[in-house]
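Please read the structure below before turning to the comments.
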Amino acid sequence: MKNRLIQVAAAVPDLKVGDVDYNTESIIAIINSQPDAGVLVFPELCITGYTCADLFLSDILVQRASEALLKIASCATSVTAVVGVPLIVDNNLYNCAAVLSGGEVKAIIPKTFIPNYKEFYEMRWFASGRDLVGRTINIGGKEVPIGTDILLEDLSSGAVLGVEICEDLWVPDKPSTHAALAGANIIVNLSASDELIGKKEYRTSLVKQQSGSCYCAYIYVSCGAMESSTDLVFSGHTIIAQNGSLLSESIFPTYPHVETALVDLATINHDRIKQNTFENGKTYRRVEVQLKPAGVSEPSIEELADVLKRFDHFVAPNPFVPADNNERDARCRQILQIQANGLATRVRSTGIKNLVIGISGGLDSTLALIVCAEARKLIPDIHVIAYTLPNRGNTSELTHTNADRLMSLLADESHEIAIEEGVNLHLTQLGHELSYQGEGDVTYENAQARMRTYILMDAANMRGGLVVGTGDLSELALGWCTYNGDHMSMYAVNSSVPKTLVRFICSSYAEFCGNDELREVLLSICDTPITPELTPTKNDQIAQKTEDLIGRYDLNDLFLFYTLRYGFEPARTVAYAMRAYPDVPSENIRETARKFYKRFFSQQFKRSCLPDGPKVGSVTLSPRGDWRMPSDASVSLWLSEI
């Protein structure tokens, strides 16, 4: 596989205003200290200092800056560096970003928007580069492309670099937007933004928003506190964002300072392809540079996992679940709100107020019952009719008790119908033994799941009700549901909620529900092993544990997330899993991945006829919306990568 990981760096050097020699040595020292960086970005006008004011009209300052640019370029042999420098073209002085790579000056990009308001008065010295296109400039005896129509490209890594300078980010028609539309997947911004109350937060939101709307990595670096403090203070604010998410940030650091992060071009490029409204923009000249990936260009699974570890790149073990407690609780409440409103809308549109639901004492049916209770707050005359459907010998005392307690607390009516008599009659008519025949006896297991759905559907008909489905997204991905059994309902409220998130929603609800008894039973359910309870118990203890058969749900959910959200190939997904779960043996991760892809492909037929259900996140498997896949597709190509 291709290595699409690039280490990017935002550098704030120690400098002295107007001291080109001192600043040059500071910049070179940072370049030499960052051998692993693919691209290294410095602040606006860092060779001279941004606050030189009328000194920019001095020939000696501009001339020495041009000479220093060649010296810095000669040191940028293993990294692509972008530095700020004033340059004269014809009769105008331009505020420029110089792209250095392979020991040479590769391109010059001038600033487009020149601020001339409040504390900024750059028009006193600099001209806008807006109309500077298709041109070259002689630097050190070599013609170098200059203009606002330039992108820098590394053909090996697939990185395409777009450059803008400070004010260019703050205007409606941003140069980076056009660069991204033309193919730039990394945008760098050399800035000099003075620090004011509230400006840090606004600046960060600008960078995050631009990286999100442009589907790109965005590296922003502002000059530091060594700039002149005559009227302003600069903070050395560095921001690295990708696709709307903040990767790294610092402000008022100790100088010199370098902020680094790994950006993932695979996720950027996938989102661009998927979002087919991301149209091509104006024509740019392409200049080739060396923008190397982090590590080898064609890594094995283990080598890519090692790159992620070596560069300390965080991979969330539970990508569907926010790590921050407050954010997670807010997410859980929002999901419940979406689910409850979806169900309430279905009730309004059908006029059916009786909600029929089967309760097993497990996580999924618990969440579905909570959703029914929350929908009842929106439509008070909703009537929740809950059934528990035990099978003697298979249903454990723990789940049975929890189901009873939960129904008494959340449902308007509670009923128990033992299913063993109906299942046994059915098995007898089929000529099947009444006892479980051991692993692989799906007839025995599925007869119970279908009997439960059969009873719930008929109960709904009898009561003029609507059967609320309980199955979750992870089960749909793995096909871990009985076709025309728990696979089917009249409205499936959990169909886009993954298993790892189901547990957190239930535990979060336990904490804010305000009922101590409900809290106790919810936490007990959260602590119960995940099981369909379709095989005999052992001494009334749960014997059939789902994760023993299909692998850990947290791993399966990680595979699901990167497969659907970013279109990762299996090798890349497994490498990310190894980084997220360093304590899990790599062969266990591979084996779980094999099971995941086999089941994901073979069970598509179950997803092709799903009941309606609300979408709550960016990953879902509705055949009417986000996921359309042939039921007879071959998994061979995917398995070969693992």
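Going through the structure tokens in order, the chains are called A, B, and so on, while each chain numbers its residues from 1 and the ligands are numbered from 1 in the order shown.
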Please produce, as CSV, a per-residue contact table for range 41-103 of chain A versus range 222-227 of chain A (criterion: any atom at most 10 Å away, only C-alpha atoms considered), showing the nearest atom pair and its distance in Å to one decimal, sorted by chain then residue number.
```
residue,atom,partner,partner_atom,distance
A:Val41,CA,A:Ser222,CA,9.9
A:Phe42,CA,A:Ser222,CA,7.9
A:Pro43,CA,A:Cys223,CA,5.0
A:Glu44,CA,A:Cys223,CA,6.7
A:Leu45,CA,A:Cys223,CA,8.6
A:Cys46,CA,A:Cys223,CA,7.3
A:Gly49,CA,A:Glu227,CA,6.6
A:Tyr50,CA,A:Glu227,CA,6.9
A:Thr51,CA,A:Glu227,CA,6.1
A:Cys52,CA,A:Glu227,CA,8.8
```
### Task
Find the spatial neighbours of range 521-529 of chain A, counting only C-alpha atoms, within a cut-off of 12 Å - ignore same-chain residues fewer than 6 positions away - and output them as a ChimeraX atom specification.
/A:359-367,369-370,396-410,499-513,515,541-548,552-553
### Task
Enumerate the residues of range 9-101 of chain A with a DSSP assignment of strand (DSSP E), computed from the backbone, and present them as a ChimeraX atom specification.
/A:9-12,39-41,80-89,92-101
Prev. selection, N, CA and C atoms, output as a JSON list (two decimals), in the first residue's frame:
```json
[["chain", "number", "residue", "atom", "x", "y", "z"],
["A", 9, "ALA", "N", 4.99, 20.39, 9.80],
["A", 9, "ALA", "CA", 5.53, 21.12, 10.94],
["A", 9, "ALA", "C", 5.33, 22.61, 10.75],
["A", 10, "ALA", "N", 4.93, 23.27, 11.83],
["A", 10, "ALA", "CA", 4.80, 24.73, 11.86],
["A", 10, "ALA", "C", 5.87, 25.26, 12.81],
["A", 11, "ALA", "N", 6.77, 26.10, 12.29],
["A", 11, "ALA", "CA", 7.95, 26.51, 13.05],
["A", 11, "ALA", "C", 7.94, 28.01, 13.33],
["A", 12, "VAL", "N", 8.17, 28.37, 14.59],
["A", 12, "VAL", "CA", 8.31, 29.78, 14.97],
["A", 12, "VAL", "C", 9.75, 29.98, 15.43],
["A", 39, "VAL", "N", 6.88, 18.71, 5.17],
["A", 39, "VAL", "CA", 6.81, 20.14, 4.88],
["A", 39, "VAL", "C", 6.97, 20.91, 6.19],
["A", 40, "LEU", "N", 7.74, 21.99, 6.14],
["A", 40, "LEU", "CA", 8.08, 22.79, 7.31],
["A", 40, "LEU", "C", 7.73, 24.24, 6.99],
["A", 41, "VAL", "N", 6.81, 24.83, 7.74],
["A", 41, "VAL", "CA", 6.26, 26.15, 7.41],
["A", 41, "VAL", "C", 6.69, 27.17, 8.46],
["A", 80, "THR", "N", 10.79, 20.00, 2.42],
["A", 80, "THR", "CA", 10.25, 21.15, 1.72],
["A", 80, "THR", "C", 9.91, 22.21, 2.77],
["A", 81, "ALA", "N", 10.56, 23.36, 2.67],
["A", 81, "ALA", "CA", 10.36, 24.45, 3.63],
["A", 81, "ALA", "C", 9.68, 25.62, 2.92],
["A", 82, "VAL", "N", 8.83, 26.32, 3.65],
["A", 82, "VAL", "CA", 8.15, 27.49, 3.11],
["A", 82, "VAL", "C", 8.45, 28.66, 4.05],
["A", 83, "VAL", "N", 9.13, 29.68, 3.52],
["A", 83, "VAL", "CA", 9.58, 30.80, 4.34],
["A", 83, "VAL", "C", 9.04, 32.11, 3.77],
["A", 84, "GLY", "N", 8.92, 33.12, 4.64],
["A", 84, "GLY", "CA", 8.41, 34.42, 4.22],
["A", 84, "GLY", "C", 9.53, 35.38, 3.91],
["A", 85, "VAL", "N", 9.40, 36.10, 2.77],
["A", 85, "VAL", "CA", 10.47, 36.98, 2.31],
["A", 85, "VAL", "C", 9.89, 38.10, 1.45],
["A", 86, "PRO", "N", 10.43, 39.34, 1.56],
["A", 86, "PRO", "CA", 10.02, 40.40, 0.64],
["A", 86, "PRO", "C", 10.85, 40.32, -0.64],
["A", 87, "LEU", "N", 10.19, 40.44, -1.79],
["A", 87, "LEU", "CA", 10.89, 40.38, -3.07],
["A", 87, "LEU", "C", 10.35, 41.45, -4.01],
["A", 88, "ILE", "N", 11.27, 41.99, -4.82],
["A", 88, "ILE", "CA", 10.90, 43.00, -5.81],
["A", 88, "ILE", "C", 10.69, 42.33, -7.17],
["A", 89, "VAL", "N", 9.57, 42.60, -7.80],
["A", 89, "VAL", "CA", 9.29, 42.15, -9.16],
["A", 89, "VAL", "C", 8.91, 43.38, -9.97],
["A", 92, "ASN", "N", 7.55, 46.68, -8.19],
["A", 92, "ASN", "CA", 6.73, 46.50, -6.99],
["A", 92, "ASN", "C", 7.41, 45.58, -5.98],
["A", 93, "LEU", "N", 7.14, 45.85, -4.70],
["A", 93, "LEU", "CA", 7.61, 44.99, -3.62],
["A", 93, "LEU", "C", 6.45, 44.09, -3.21],
["A", 94, "TYR", "N", 6.73, 42.78, -3.12],
["A", 94, "TYR", "CA", 5.70, 41.80, -2.78],
["A", 94, "TYR", "C", 6.06, 41.08, -1.49],
["A", 95, "ASN", "N", 5.02, 40.82, -0.71],
["A", 95, "ASN", "CA", 5.13, 40.00, 0.50],
["A", 95, "ASN", "C", 4.95, 38.55, 0.04],
["A", 96, "CYS", "N", 6.02, 37.74, 0.10],
["A", 96, "CYS", "CA", 6.01, 36.45, -0.58],
["A", 96, "CYS", "C", 6.27, 35.27, 0.36],
["A", 97, "ALA", "N", 5.81, 34.13, -0.10],
["A", 97, "ALA", "CA", 6.17, 32.84, 0.48],
["A", 97, "ALA", "C", 7.06, 32.13, -0.52],
["A", 98, "ALA", "N", 8.24, 31.73, -0.10],
["A", 98, "ALA", "CA", 9.17, 31.01, -0.97],
["A", 98, "ALA", "C", 9.16, 29.54, -0.61],
["A", 99, "VAL", "N", 8.96, 28.69, -1.60],
["A", 99, "VAL", "CA", 8.93, 27.24, -1.39],
["A", 99, "VAL", "C", 10.30, 26.68, -1.76],
["A", 100, "LEU", "N", 10.96, 26.06, -0.79],
["A", 100, "LEU", "CA", 12.31, 25.55, -0.96],
["A", 100, "LEU", "C", 12.30, 24.04, -0.87],
["A", 101, "SER", "N", 12.96, 23.38, -1.81],
["A", 101, "SER", "CA", 12.97, 21.92, -1.83],
["A", 101, "SER", "C", 14.14, 21.44, -2.68]]
```
Close residues, Val423 in chain A itself excluded, 12 Å, only C-alpha atoms, min 4 positions apart in chain, as a PDB file with C-alpha atoms, in the first residue's frame:
```pdb
ATOM      1  CA  LEU A 389     -39.769 -13.575  25.580  1.00  0.00           C
ATOM      2  CA  PRO A 390     -37.605 -16.012  27.556  1.00  0.00           C
ATOM      3  CA  ASN A 391     -36.714 -19.528  26.530  1.00  0.00           C
ATOM      4  CA  ARG A 392     -36.325 -21.752  29.568  1.00  0.00           C
ATOM      5  CA  ALA A 418     -42.326 -18.005  27.243  1.00  0.00           C
ATOM      6  CA  ILE A 419     -41.387 -19.205  23.769  1.00  0.00           C
ATOM      7  CA  LEU A 427     -38.802 -27.880  15.633  1.00  0.00           C
ATOM      8  CA  THR A 428     -40.874 -31.063  15.951  1.00  0.00           C
ATOM      9  CA  GLN A 429     -42.822 -30.225  12.812  1.00  0.00           C
ATOM     10  CA  LEU A 430     -39.529 -29.686  11.000  1.00  0.00           C
ATOM     11  CA  HIS A 432     -35.406 -31.327  14.194  1.00  0.00           C
ATOM     12  CA  GLU A 433     -34.222 -32.531  17.601  1.00  0.00           C
ATOM     13  CA  LEU A 434     -35.634 -30.480  20.463  1.00  0.00           C
ATOM     14  CA  SER A 435     -32.199 -30.118  22.039  1.00  0.00           C
ATOM     15  CA  TYR A 436     -29.341 -27.961  20.836  1.00  0.00           C
ATOM     16  CA  THR A 443     -31.966 -24.002  12.988  1.00  0.00           C
ATOM     17  CA  TYR A 444     -32.268 -24.349  16.770  1.00  0.00           C
ATOM     18  CA  GLU A 445     -30.859 -20.856  17.397  1.00  0.00           C
ATOM     19  CA  ASN A 446     -32.731 -18.978  14.699  1.00  0.00           C
ATOM     20  CA  ALA A 447     -36.053 -20.632  15.458  1.00  0.00           C
ATOM     21  CA  GLN A 448     -36.024 -18.696  18.743  1.00  0.00           C
ATOM     22  CA  ALA A 449     -35.194 -15.355  17.132  1.00  0.00           C
ATOM     23  CA  ARG A 450     -37.897 -15.809  14.512  1.00  0.00           C
ATOM     24  CA  MET A 451     -40.430 -16.951  17.103  1.00  0.00           C
ATOM     25  CA  ARG A 452     -39.844 -13.742  19.066  1.00  0.00           C
ATOM     26  CA  TYR A 454     -43.386 -13.617  14.986  1.00  0.00           C
ATOM     27  CA  ILE A 455     -44.969 -12.994  18.387  1.00  0.00           C
ATOM     28  CA  LEU A 534     -29.806 -18.800  21.831  1.00  0.00           C
TER      29      LEU A 534
END
```
### Task
Would you mind reading off the distance between CA of Asn189 in chain A and CA of Gln275 in chain A, one decimal, in Å?
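These two atoms are separated by 24.7 Å.
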### Query
Among range 287-420 of chain A, which residues carry a DSSP assignment of alpha helix (DSSP H), reported as JSON, numbers by chain?
{"A": [301, 302, 303, 304, 305, 306, 307, 308, 309, 310, 325, 326, 327, 328, 329, 330, 331, 332, 333, 334, 335, 336, 337, 338, 339, 340, 341, 342, 343, 344, 345, 346, 347, 348, 349, 350, 363, 364, 365, 366, 367, 368, 369, 370, 371, 372, 373, 374, 375, 376, 377, 378, 397, 398, 399, 400, 401, 402, 403, 404, 405, 406, 407, 408, 409, 410, 420]}
### Message
List as an NGL selection string the protein and nucleic acid residues near Ser176 in chain A, meaning an atom at most 10 Å away when only C-alpha atoms are counted, but skip any in the same chain fewer than 3 places from it.
### Response
:A and (161-165 or 168-169 or 173 or 179-182 or 184-189 or 210-211 or 214 or 216 or 218)
Distance table requested - range 317-402 of chain A against range 602-623 of chain A, cut-off 8 Å, only C-alpha atoms: one row per qualifying residue with the closest atom pair and its distance in Å to one decimal, ordered by chain and rising residue number, as a tab-separated table.
```
residue	atom	partner	partner_atom	distance
A:Ile335	CA	A:Val616	CA	6.1
A:Ile338	CA	A:Val616	CA	6.6
A:Gln339	CA	A:Pro614	CA	6.2
A:Gly342	CA	A:Pro614	CA	5.9
```
May I have the selected residues written with C-alpha atoms, as a short mmCIF file (atom, residue, chain, number, x, y, z; two decimals), in the first residue's frame?
```cif
data_model
loop_
_atom_site.label_atom_id
_atom_site.label_comp_id
_atom_site.auth_asym_id
_atom_site.auth_seq_id
_atom_site.Cartn_x
_atom_site.Cartn_y
_atom_site.Cartn_z
CA ILE A 335 -28.24 10.75 19.47
CA ILE A 338 -32.43 12.20 16.98
CA GLN A 339 -33.71 8.66 17.60
CA GLY A 342 -37.42 9.97 14.29
#
```
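Considering only C-alpha atoms, the residue among A:Thr148, A:Ser248, A:Glu302, A:Val20 positioned nearest to Ala577 in chain A is A:Glu302.
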### CA of Thr453 in chain A to CA of Thr482 in chain A, distance in Å rounded to a single decimal
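Taking CA of Thr453 in chain A and CA of Thr482 in chain A, their separation equals 9.9 Å.
For the atom pair formed by CA of Ile139 in chain A and CA of Gly103 in chain A, the distance is 13.3 Å, given to one decimal.
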